[in-house]
$ cat coords03.pdb   # PDB, C-alpha atoms
MODEL        1
ATOM      1  CA  MET P   1       7.210 -27.847 -64.328
ATOM      2  CA  MET P   2       7.039 -26.199 -60.889
ATOM      3  CA  LEU P   3       7.061 -27.956 -57.559
ATOM      4  CA  SER P   4       4.105 -27.393 -55.254
ATOM      5  CA  GLU P   5       4.292 -27.094 -51.500
ATOM      6  CA  GLY P   6       0.853 -27.247 -49.904
ATOM      7  CA  ASN P   7      -1.320 -24.840 -51.833
ATOM      8  CA  GLN P   8       1.615 -22.704 -52.952
ATOM      9  CA  SER P   9       3.609 -23.166 -56.128
ATOM     10  CA  ILE P  10       7.367 -22.907 -55.969
ATOM     11  CA  ILE P  11       8.853 -21.023 -58.902
ATOM     12  CA  PRO P  12      12.332 -22.451 -59.559
ATOM     13  CA  THR P  13      15.268 -20.084 -59.967
ATOM     14  CA  PHE P  14      18.715 -20.917 -61.275
ATOM     15  CA  ILE P  15      22.087 -19.413 -60.414
ATOM     16  CA  LEU P  16      24.484 -19.171 -63.352
ATOM     17  CA  LEU P  17      27.979 -19.471 -61.898
ATOM     18  CA  GLY P  18      29.639 -18.435 -65.154
ATOM     19  CA  PHE P  19      33.231 -17.391 -64.456
ATOM     20  CA  SER P  20      32.579 -16.327 -60.841
ATOM     21  CA  GLU P  21      35.406 -18.574 -59.564
ATOM     22  CA  TYR P  22      37.829 -16.061 -61.117
ATOM     23  CA  PRO P  23      36.880 -12.748 -59.423
ATOM     24  CA  ALA P  24      40.020 -10.937 -60.613
ATOM     25  CA  LEU P  25      39.052 -11.654 -64.246
ATOM     26  CA  GLN P  26      35.462 -10.359 -64.084
ATOM     27  CA  VAL P  27      36.183  -6.840 -65.400
ATOM     28  CA  PRO P  28      38.734  -7.927 -68.063
ATOM     29  CA  LEU P  29      36.342 -10.646 -69.277
ATOM     30  CA  PHE P  30      33.484  -8.125 -69.353
ATOM     31  CA  LEU P  31      35.523  -5.784 -71.564
ATOM     32  CA  VAL P  32      36.621  -8.628 -73.848
ATOM     33  CA  PHE P  33      33.103 -10.041 -74.295
ATOM     34  CA  LEU P  34      31.619  -6.555 -74.722
ATOM     35  CA  SER P  35      34.137  -5.847 -77.508
ATOM     36  CA  ILE P  36      33.352  -9.195 -79.155
ATOM     37  CA  TYR P  37      29.609  -8.518 -78.979
ATOM     38  CA  MET P  38      30.039  -5.056 -80.526
ATOM     39  CA  VAL P  39      32.123  -6.515 -83.380
ATOM     40  CA  THR P  40      29.534  -9.304 -83.804
ATOM     41  CA  THR P  41      26.646  -6.825 -83.999
ATOM     42  CA  VAL P  42      28.386  -4.415 -86.379
ATOM     43  CA  GLY P  43      29.816  -7.250 -88.498
ATOM     44  CA  ASN P  44      26.623  -9.227 -88.976
ATOM     45  CA  LEU P  45      24.217  -6.303 -89.345
ATOM     46  CA  GLY P  46      26.788  -4.600 -91.576
ATOM     47  CA  MET P  47      26.978  -7.713 -93.766
ATOM     48  CA  ILE P  48      23.179  -7.731 -94.151
ATOM     49  CA  ILE P  49      23.157  -4.027 -95.097
ATOM     50  CA  ILE P  50      26.062  -4.416 -97.563
ATOM     51  CA  ILE P  51      24.344  -7.342 -99.295
ATOM     52  CA  LYS P  52      21.085  -5.388 -99.476
ATOM     53  CA  ILE P  53      22.533  -2.193-100.987
ATOM     54  CA  ASN P  54      24.920  -3.765-103.517
ATOM     55  CA  PRO P  55      23.044  -5.162-106.577
ATOM     56  CA  LYS P  56      26.107  -7.297-107.446
ATOM     57  CA  LEU P  57      25.518  -9.221-104.222
ATOM     58  CA  HIS P  58      21.880 -10.066-104.987
ATOM     59  CA  THR P  59      22.754 -13.692-105.733
ATOM     60  CA  ILE P  60      21.833 -17.029-104.186
ATOM     61  CA  MET P  61      25.121 -17.348-102.293
ATOM     62  CA  TYR P  62      24.652 -13.966-100.635
ATOM     63  CA  LEU P  63      21.013 -14.730 -99.861
ATOM     64  CA  PHE P  64      22.253 -17.611 -97.707
ATOM     65  CA  LEU P  65      25.022 -15.433 -96.261
ATOM     66  CA  SER P  66      22.579 -12.691 -95.240
ATOM     67  CA  HIS P  67      20.450 -15.256 -93.390
ATOM     68  CA  LEU P  68      23.580 -16.729 -91.778
ATOM     69  CA  SER P  69      24.502 -13.229 -90.547
ATOM     70  CA  PHE P  70      20.978 -12.743 -89.157
ATOM     71  CA  VAL P  71      21.119 -16.093 -87.338
ATOM     72  CA  ASP P  72      24.587 -15.310 -85.919
ATOM     73  CA  PHE P  73      23.426 -11.912 -84.660
ATOM     74  CA  CYS P  74      20.362 -13.454 -82.976
ATOM     75  CA  PHE P  75      22.406 -16.345 -81.541
ATOM     76  CA  SER P  76      24.898 -13.942 -79.951
ATOM     77  CA  THR P  77      22.167 -11.611 -78.682
ATOM     78  CA  VAL P  78      20.410 -14.465 -76.872
ATOM     79  CA  VAL P  79      23.594 -15.412 -74.964
ATOM     80  CA  THR P  80      26.008 -12.488 -74.609
ATOM     81  CA  PRO P  81      23.928  -9.808 -72.779
ATOM     82  CA  LYS P  82      23.215 -12.201 -69.875
ATOM     83  CA  LEU P  83      26.884 -13.251 -69.830
ATOM     84  CA  LEU P  84      27.920  -9.583 -69.607
ATOM     85  CA  GLU P  85      25.378  -8.898 -66.861
ATOM     86  CA  ASN P  86      26.615 -11.796 -64.725
ATOM     87  CA  LEU P  87      30.203 -10.535 -64.958
ATOM     88  CA  ILE P  88      29.399  -7.210 -63.260
ATOM     89  CA  VAL P  89      26.578  -8.002 -60.807
ATOM     90  CA  GLU P  90      26.606 -10.002 -57.599
ATOM     91  CA  ASP P  91      23.159 -11.530 -58.180
ATOM     92  CA  ARG P  92      23.651 -14.147 -60.905
ATOM     93  CA  THR P  93      20.177 -15.647 -60.716
ATOM     94  CA  ILE P  94      18.071 -16.282 -63.785
ATOM     95  CA  SER P  95      14.370 -17.056 -63.635
ATOM     96  CA  PHE P  96      13.061 -20.440 -64.690
ATOM     97  CA  SER P  97      11.204 -18.926 -67.632
ATOM     98  CA  GLY P  98      14.277 -16.875 -68.598
ATOM     99  CA  CYS P  99      16.488 -19.968 -68.569
ATOM    100  CA  ILE P 100      14.035 -22.014 -70.623
ATOM    101  CA  MET P 101      13.598 -19.170 -73.131
ATOM    102  CA  GLN P 102      17.361 -18.790 -73.500
ATOM    103  CA  PHE P 103      17.712 -22.520 -74.220
ATOM    104  CA  CYS P 104      14.762 -22.423 -76.636
ATOM    105  CA  PHE P 105      16.275 -19.639 -78.753
ATOM    106  CA  THR P 106      19.877 -20.907 -78.642
ATOM    107  CA  CYS P 107      18.612 -24.301 -79.826
ATOM    108  CA  LEU P 108      16.548 -22.679 -82.582
ATOM    109  CA  PHE P 109      19.392 -20.569 -83.956
ATOM    110  CA  GLY P 110      22.015 -23.287 -83.442
ATOM    111  CA  VAL P 111      20.056 -25.862 -85.452
ATOM    112  CA  THR P 112      19.154 -23.265 -88.093
ATOM    113  CA  GLU P 113      22.838 -22.362 -88.574
ATOM    114  CA  THR P 114      23.761 -26.046 -88.888
ATOM    115  CA  PHE P 115      21.455 -26.557 -91.861
ATOM    116  CA  MET P 116      22.082 -23.104 -93.331
ATOM    117  CA  LEU P 117      25.771 -24.054 -93.645
ATOM    118  CA  ALA P 118      24.732 -27.364 -95.249
ATOM    119  CA  ALA P 119      22.523 -25.491 -97.750
ATOM    120  CA  MET P 120      25.462 -23.210 -98.581
ATOM    121  CA  ALA P 121      27.646 -26.287 -99.213
ATOM    122  CA  TYR P 122      25.046 -27.644-101.637
ATOM    123  CA  ASP P 123      24.951 -24.238-103.367
ATOM    124  CA  ARG P 124      28.758 -24.330-103.829
ATOM    125  CA  PHE P 125      28.496 -27.905-105.166
ATOM    126  CA  VAL P 126      25.975 -26.904-107.853
ATOM    127  CA  ALA P 127      27.964 -23.751-108.749
ATOM    128  CA  VAL P 128      31.225 -25.676-109.222
ATOM    129  CA  CYS P 129      30.045 -29.043-110.549
ATOM    130  CA  ASN P 130      27.071 -27.912-112.680
ATOM    131  CA  PRO P 131      27.733 -24.246-113.563
ATOM    132  CA  LEU P 132      25.633 -24.321-116.740
ATOM    133  CA  LEU P 133      22.603 -25.608-114.827
ATOM    134  CA  TYR P 134      23.191 -23.417-111.754
ATOM    135  CA  THR P 135      20.443 -20.860-112.351
ATOM    136  CA  THR P 136      17.976 -23.615-113.216
ATOM    137  CA  THR P 137      18.880 -25.899-110.318
ATOM    138  CA  MET P 138      19.279 -23.209-107.644
ATOM    139  CA  SER P 139      15.996 -21.507-108.434
ATOM    140  CA  GLN P 140      14.541 -18.830-106.188
ATOM    141  CA  LYS P 141      11.858 -21.288-105.098
ATOM    142  CA  LEU P 142      14.375 -23.976-104.067
ATOM    143  CA  CYS P 143      16.524 -21.465-102.195
ATOM    144  CA  SER P 144      13.501 -20.106-100.341
ATOM    145  CA  LEU P 145      12.562 -23.676 -99.405
ATOM    146  CA  LEU P 146      16.097 -24.395 -98.143
ATOM    147  CA  VAL P 147      16.105 -21.241 -96.008
ATOM    148  CA  ALA P 148      12.560 -21.807 -94.729
ATOM    149  CA  GLY P 149      13.368 -25.475 -94.067
ATOM    150  CA  SER P 150      16.404 -24.528 -91.955
ATOM    151  CA  TYR P 151      14.340 -22.162 -89.801
ATOM    152  CA  SER P 152      11.395 -24.560 -89.595
ATOM    153  CA  TRP P 153      13.493 -27.527 -88.492
ATOM    154  CA  GLY P 154      15.209 -25.281 -85.928
ATOM    155  CA  ILE P 155      11.794 -24.323 -84.538
ATOM    156  CA  VAL P 156      10.628 -27.972 -84.440
ATOM    157  CA  CYS P 157      13.772 -29.132 -82.592
ATOM    158  CA  SER P 158      13.654 -26.195 -80.193
ATOM    159  CA  LEU P 159       9.972 -26.545 -79.280
ATOM    160  CA  THR P 160      10.218 -30.342 -78.929
ATOM    161  CA  LEU P 161      13.194 -30.234 -76.546
ATOM    162  CA  THR P 162      11.707 -27.289 -74.631
ATOM    163  CA  TYR P 163       8.430 -29.180 -74.144
ATOM    164  CA  PHE P 164      10.229 -32.154 -72.585
ATOM    165  CA  LEU P 165      12.289 -29.840 -70.358
ATOM    166  CA  LEU P 166       9.066 -28.243 -69.107
ATOM    167  CA  ALA P 167       7.720 -31.717 -68.293
ATOM    168  CA  LEU P 168      10.489 -32.198 -65.694
ATOM    169  CA  SER P 169      10.315 -31.106 -62.051
ATOM    170  CA  TYR P 170      12.878 -28.705 -60.611
ATOM    171  CA  CYS P 171      14.011 -27.781 -57.132
ATOM    172  CA  GLU P 172      13.343 -24.324 -55.719
ATOM    173  CA  SER P 173      16.897 -23.110 -56.323
ATOM    174  CA  SER P 174      19.649 -24.797 -58.311
ATOM    175  CA  ILE P 175      23.205 -23.872 -59.245
ATOM    176  CA  ILE P 176      24.211 -24.130 -62.915
ATOM    177  CA  ASN P 177      27.969 -24.367 -63.379
ATOM    178  CA  ASN P 178      27.978 -22.539 -66.704
ATOM    179  CA  PHE P 179      27.150 -19.110 -68.149
ATOM    180  CA  ILE P 180      24.409 -20.423 -70.440
ATOM    181  CA  CYS P 181      21.264 -22.496 -69.966
ATOM    182  CA  ASP P 182      22.326 -25.486 -72.033
ATOM    183  CA  HIS P 183      20.183 -28.645 -72.236
ATOM    184  CA  SER P 184      22.721 -30.771 -70.333
ATOM    185  CA  VAL P 185      22.988 -28.361 -67.394
ATOM    186  CA  ILE P 186      19.225 -27.838 -67.153
ATOM    187  CA  VAL P 187      18.469 -31.590 -66.947
ATOM    188  CA  SER P 188      21.336 -32.004 -64.456
ATOM    189  CA  VAL P 189      19.466 -29.830 -61.906
ATOM    190  CA  SER P 190      16.049 -31.444 -62.411
ATOM    191  CA  CYS P 191      14.469 -33.384 -59.539
ATOM    192  CA  SER P 192      12.818 -35.960 -61.808
ATOM    193  CA  ASP P 193      14.202 -38.598 -64.162
ATOM    194  CA  PRO P 194      15.480 -36.787 -67.291
ATOM    195  CA  TYR P 195      16.209 -39.985 -69.276
ATOM    196  CA  ILE P 196      13.585 -39.384 -72.012
ATOM    197  CA  SER P 197      14.616 -35.753 -72.437
ATOM    198  CA  GLN P 198      18.306 -36.700 -72.595
ATOM    199  CA  MET P 199      17.757 -39.482 -75.130
ATOM    200  CA  LEU P 200      15.583 -37.221 -77.277
ATOM    201  CA  CYS P 201      18.226 -34.473 -77.203
ATOM    202  CA  PHE P 202      20.953 -36.987 -78.063
ATOM    203  CA  SER P 203      18.910 -38.412 -80.973
ATOM    204  CA  ILE P 204      18.123 -34.974 -82.411
ATOM    205  CA  ALA P 205      21.745 -33.817 -82.012
ATOM    206  CA  VAL P 206      23.127 -36.943 -83.734
ATOM    207  CA  PHE P 207      20.614 -36.684 -86.582
ATOM    208  CA  ASN P 208      21.355 -32.979 -87.123
ATOM    209  CA  GLU P 209      25.123 -33.389 -87.014
ATOM    210  CA  VAL P 210      25.298 -36.552 -89.159
ATOM    211  CA  SER P 211      22.818 -35.371 -91.817
ATOM    212  CA  SER P 212      24.348 -31.885 -92.158
ATOM    213  CA  LEU P 213      27.929 -33.204 -92.208
ATOM    214  CA  LEU P 214      26.940 -35.836 -94.784
ATOM    215  CA  ILE P 215      25.599 -33.113 -97.108
ATOM    216  CA  ILE P 216      28.713 -30.988 -96.553
ATOM    217  CA  LEU P 217      31.215 -33.834 -97.007
ATOM    218  CA  MET P 218      29.528 -35.208-100.139
ATOM    219  CA  SER P 219      29.314 -31.698-101.635
ATOM    220  CA  TYR P 220      32.992 -30.948-101.040
ATOM    221  CA  ILE P 221      34.220 -34.378-102.129
ATOM    222  CA  LEU P 222      32.455 -33.860-105.479
ATOM    223  CA  ILE P 223      33.761 -30.260-105.633
ATOM    224  CA  PHE P 224      37.322 -31.510-105.012
ATOM    225  CA  ILE P 225      37.017 -34.148-107.758
ATOM    226  CA  THR P 226      35.666 -31.559-110.223
ATOM    227  CA  VAL P 227      38.376 -29.014-109.374
ATOM    228  CA  MET P 228      41.200 -31.538-109.737
ATOM    229  CA  ARG P 229      39.946 -32.342-113.253
ATOM    230  CA  MET P 230      40.263 -28.691-114.312
ATOM    231  CA  PRO P 231      43.117 -28.234-116.818
ATOM    232  CA  SER P 232      43.939 -24.691-115.662
ATOM    233  CA  ALA P 233      45.902 -24.134-112.443
ATOM    234  CA  SER P 234      44.517 -20.587-112.149
ATOM    235  CA  GLY P 235      40.982 -21.986-112.506
ATOM    236  CA  ARG P 236      41.633 -24.456-109.688
ATOM    237  CA  ARG P 237      43.001 -21.690-107.439
ATOM    238  CA  LYS P 238      40.021 -19.426-108.159
ATOM    239  CA  THR P 239      37.515 -22.194-107.402
ATOM    240  CA  PHE P 240      39.259 -23.199-104.181
ATOM    241  CA  SER P 241      39.376 -19.531-103.189
ATOM    242  CA  THR P 242      35.591 -19.121-103.599
ATOM    243  CA  CYS P 243      35.014 -22.158-101.348
ATOM    244  CA  ALA P 244      37.702 -21.318 -98.755
ATOM    245  CA  SER P 245      35.557 -18.939 -96.671
ATOM    246  CA  HIS P 246      32.703 -21.425 -96.376
ATOM    247  CA  LEU P 247      35.070 -24.299 -95.591
ATOM    248  CA  THR P 248      36.709 -22.232 -92.836
ATOM    249  CA  ALA P 249      33.332 -21.366 -91.272
ATOM    250  CA  ILE P 250      32.205 -25.021 -91.434
ATOM    251  CA  THR P 251      35.448 -26.313 -89.894
ATOM    252  CA  ILE P 252      35.248 -23.893 -86.956
ATOM    253  CA  PHE P 253      31.516 -24.449 -86.347
ATOM    254  CA  HIS P 254      31.388 -28.244 -86.598
ATOM    255  CA  GLY P 255      34.825 -28.707 -85.041
ATOM    256  CA  THR P 256      33.638 -26.916 -81.901
ATOM    257  CA  ILE P 257      30.370 -28.895 -81.785
ATOM    258  CA  LEU P 258      32.179 -32.228 -82.163
ATOM    259  CA  PHE P 259      34.655 -31.294 -79.430
ATOM    260  CA  LEU P 260      31.982 -30.009 -77.068
ATOM    261  CA  TYR P 261      29.232 -32.603 -77.497
ATOM    262  CA  CYS P 262      30.408 -35.613 -79.490
ATOM    263  CA  ILE P 263      33.812 -36.514 -78.044
ATOM    264  CA  PRO P 264      33.293 -37.986 -74.559
ATOM    265  CA  ASN P 265      36.219 -37.269 -72.257
ATOM    266  CA  PRO P 266      35.829 -37.853 -68.494
ATOM    267  CA  LYS P 267      38.894 -35.677 -67.840
ATOM    268  CA  THR P 268      37.295 -32.612 -69.438
ATOM    269  CA  THR P 269      36.939 -29.922 -66.744
ATOM    270  CA  TRP P 270      34.092 -27.440 -66.405
ATOM    271  CA  LEU P 271      36.524 -24.670 -67.379
ATOM    272  CA  VAL P 272      37.237 -26.403 -70.709
ATOM    273  CA  VAL P 273      33.480 -26.830 -71.276
ATOM    274  CA  LYS P 274      32.890 -23.136 -70.522
ATOM    275  CA  VAL P 275      35.703 -21.994 -72.820
ATOM    276  CA  ALA P 276      34.401 -24.239 -75.637
ATOM    277  CA  SER P 277      30.871 -22.907 -75.006
ATOM    278  CA  VAL P 278      32.181 -19.337 -75.256
ATOM    279  CA  PHE P 279      33.801 -20.170 -78.574
ATOM    280  CA  TYR P 280      30.602 -21.795 -79.889
ATOM    281  CA  THR P 281      28.099 -19.168 -78.718
ATOM    282  CA  VAL P 282      30.133 -15.929 -78.613
ATOM    283  CA  MET P 283      33.208 -16.220 -80.853
ATOM    284  CA  ILE P 284      31.772 -18.005 -83.924
ATOM    285  CA  PRO P 285      29.019 -15.379 -84.531
ATOM    286  CA  MET P 286      31.820 -12.767 -84.567
ATOM    287  CA  LEU P 287      34.152 -14.777 -86.810
ATOM    288  CA  ASN P 288      31.695 -15.616 -89.600
ATOM    289  CA  PRO P 289      31.262 -12.070 -91.010
ATOM    290  CA  LEU P 290      35.032 -11.519 -90.728
ATOM    291  CA  ILE P 291      35.775 -14.771 -92.580
ATOM    292  CA  TYR P 292      33.378 -13.984 -95.431
ATOM    293  CA  SER P 293      34.229 -10.278 -95.751
ATOM    294  CA  LEU P 294      38.035 -10.454 -95.579
ATOM    295  CA  ARG P 295      38.194 -12.828 -98.562
ATOM    296  CA  ASN P 296      35.492 -11.125-100.629
ATOM    297  CA  LYS P 297      36.395  -8.258-102.977
ATOM    298  CA  ASP P 298      32.776  -7.164-103.601
ATOM    299  CA  VAL P 299      32.008  -6.955 -99.883
ATOM    300  CA  LYS P 300      35.225  -5.007 -99.190
ATOM    301  CA  ASP P 301      34.568  -2.599-102.083
ATOM    302  CA  THR P 302      31.015  -1.915-100.885
ATOM    303  CA  PHE P 303      32.287  -1.346 -97.342
ATOM    304  CA  ARG P 304      34.909   1.134 -98.599
ATOM    305  CA  ARG P 305      32.269   3.050-100.575
ATOM    306  CA  LEU P 306      30.055   3.248 -97.480
ATOM    307  CA  VAL P 307      32.947   4.570 -95.372
ATOM    308  CA  VAL P 308      33.926   7.136 -98.027
ATOM    309  CA  ALA P 309      30.301   8.280 -98.424
ATOM    310  CA  LYS P 310      29.988   8.635 -94.638
ATOM    311  CA  LEU P 311      33.193  10.681 -94.438
ATOM    312  CA  LEU P 312      32.084  12.933 -97.285
ATOM    313  CA  CYS P 313      28.731  13.552 -95.568
ATOM    314  CA  HIS P 314      30.490  14.613 -92.349
ATOM    315  CA  SER P 315      32.967  16.823 -94.206
TER     316      SER P 315
ENDMDL
END

$ encode --input "coords03.pdb" --output "structure tokens"
Amino acid sequence: MMLSEGNQSIIPTFILLGFSEYPALQVPLFLVFLSIYMVTTVGNLGMIIIIKINPKLHTIMYLFLSHLSFVDFCFSTVVTPKLLENLIVEDRTISFSGCIMQFCFTCLFGVTETFMLAAMAYDRFVAVCNPLLYTTTMSQKLCSLLVAGSYSWGIVCSLTLTYFLLALSYCESSIINNFICDHSVIVSVSCSDPYISQMLCFSIAVFNEVSSLLIILMSYILIFITVMRMPSASGRRKTFSTCASHLTAITIFHGTILFLYCIPNPKTTWLVVKVASVFYTVMIPMLNPLIYSLRNKDVKDTFRRLVVAKLLCHS
């Protein structure tokens, strides 16, 4: 909501401080984040292409993984270009509409990734605990519903929180002590009472985190029980190996969220918040394709064939 002064409307603008308090680090940080963004783009788009061209990867698990790669690419693209821009320009302003749009899309892709990881945990549970019924249980229809449900709930959460942010009043110019338009920093610069918006955000965040973690924990507890009952040690190692990549991605993703949003610590400085935000919005989208590709023989073999084919074309 804009403030009005007489007959004129005041369009709010925000100033993203980012890492401006460290002027000597602006260029090094720009190079680091640019490299991370390039790896993120190549890694996630490359993962989607590899899954598409290799018939062996046309399975339910890789369907989820391709959507996870798409979400990670979009998540990073919403945040990183503006972060890079603010590291090399003096004017660090962002328009009101630009700030709201950035929050809207980061919320959408963040919530979608949360439930996409939960859907992948359920997929691993069915594959390990009910292998004979896997194709029947994890039907194409159910998988499509799980993927569509993740995106749909992300859209609902994003539009709901964005609507209540737009209902607030804002001053003409406000300083945001972060590099991203997060919900907490936007409501902190509002001129009206943000209590309803804050409580709604808290309720949605708690529901999303508890429900997704409950699905993940229950799935992996049952997987662990099933694996420990296996008579073969090699069978146990193989099963744990297939789940290791997903467990690593879940631990990094939810560990960062819990640290950043769910563990209140009055001694936490803005620098710590910014570093954690960088890890959540910039680093994790880069790490996911690396985690899944480095431990996956089919993905690595397809990548090698692509590289060899490219080299042969040039030669």

$ closest_residue --input "coords03.pdb" --among "P:Leu117, P:Leu222, P:Leu108, P:Cys99" --to "P:Leu166" --atoms "all atoms listed in the file"
P:Cys99

$ resolve_selection --input "coords03.pdb" --expression "the PyMOL selection byres ((chain P and resi 197) around 12)" --output "MDAnalysis selection string"
chainID P and resid 160:168 183:184 186:188 190 192:196 198:204

$ residues_around --input "coords03.pdb" --residues "P:Phe14" --least-positions-apart "3" --cutoff "9 Å" --atoms "only C-alpha atoms" --output "count of residues only"
12

$ residues_around --input "coords03.pdb" --residues "P:Asn130" --least-positions-apart "6" --cutoff "12 Å" --atoms "only C-alpha atoms" --output "number ranges by chain"
P: 122-124, 136-138, 219, 222-223, 226-227

$ write_last_selection --input "coords03.pdb" --atoms "C-alpha atoms" --output "short mmCIF file (atom, residue, chain, number, x, y, z; two decimals), in the frame of the given file"
data_model
loop_
_atom_site.label_atom_id
_atom_site.label_comp_id
_atom_site.auth_asym_id
_atom_site.auth_seq_id
_atom_site.Cartn_x
_atom_site.Cartn_y
_atom_site.Cartn_z
CA TYR P 122 25.05 -27.64 -101.64
CA ASP P 123 24.95 -24.24 -103.37
CA ARG P 124 28.76 -24.33 -103.83
CA THR P 136 17.98 -23.62 -113.22
CA THR P 137 18.88 -25.90 -110.32
CA MET P 138 19.28 -23.21 -107.64
CA SER P 219 29.31 -31.70 -101.64
CA LEU P 222 32.46 -33.86 -105.48
CA ILE P 223 33.76 -30.26 -105.63
CA THR P 226 35.67 -31.56 -110.22
CA VAL P 227 38.38 -29.01 -109.37
#

$ residues_around --input "coords03.pdb" --residues "P:Glu209" --least-positions-apart "4" --cutoff "9 Å" --atoms "all atoms listed in the file" --output "PyMOL selection string"
chain P and resi 114+204-205+213-214+254+257-258

$ atom_distance --input "coords03.pdb" --atom1 "atom CA of P:Ser232" --atom2 "atom CA of P:His58"
28.5 Å

$ resolve_selection --input "coords03.pdb" --expression "the PyMOL selection byres ((chain P and resi 33) around 12)" --output "number ranges by chain"
P: 25-32, 34-40, 76-77, 79-88, 278-279, 281-283, 286

$ residues_around --input "coords03.pdb" --residues "P:Thr302" --least-positions-apart "2" --cutoff "9 Å" --atoms "all atoms listed in the file" --output "ChimeraX atom specification"
/P:50-51,53-54,297-300,304-307
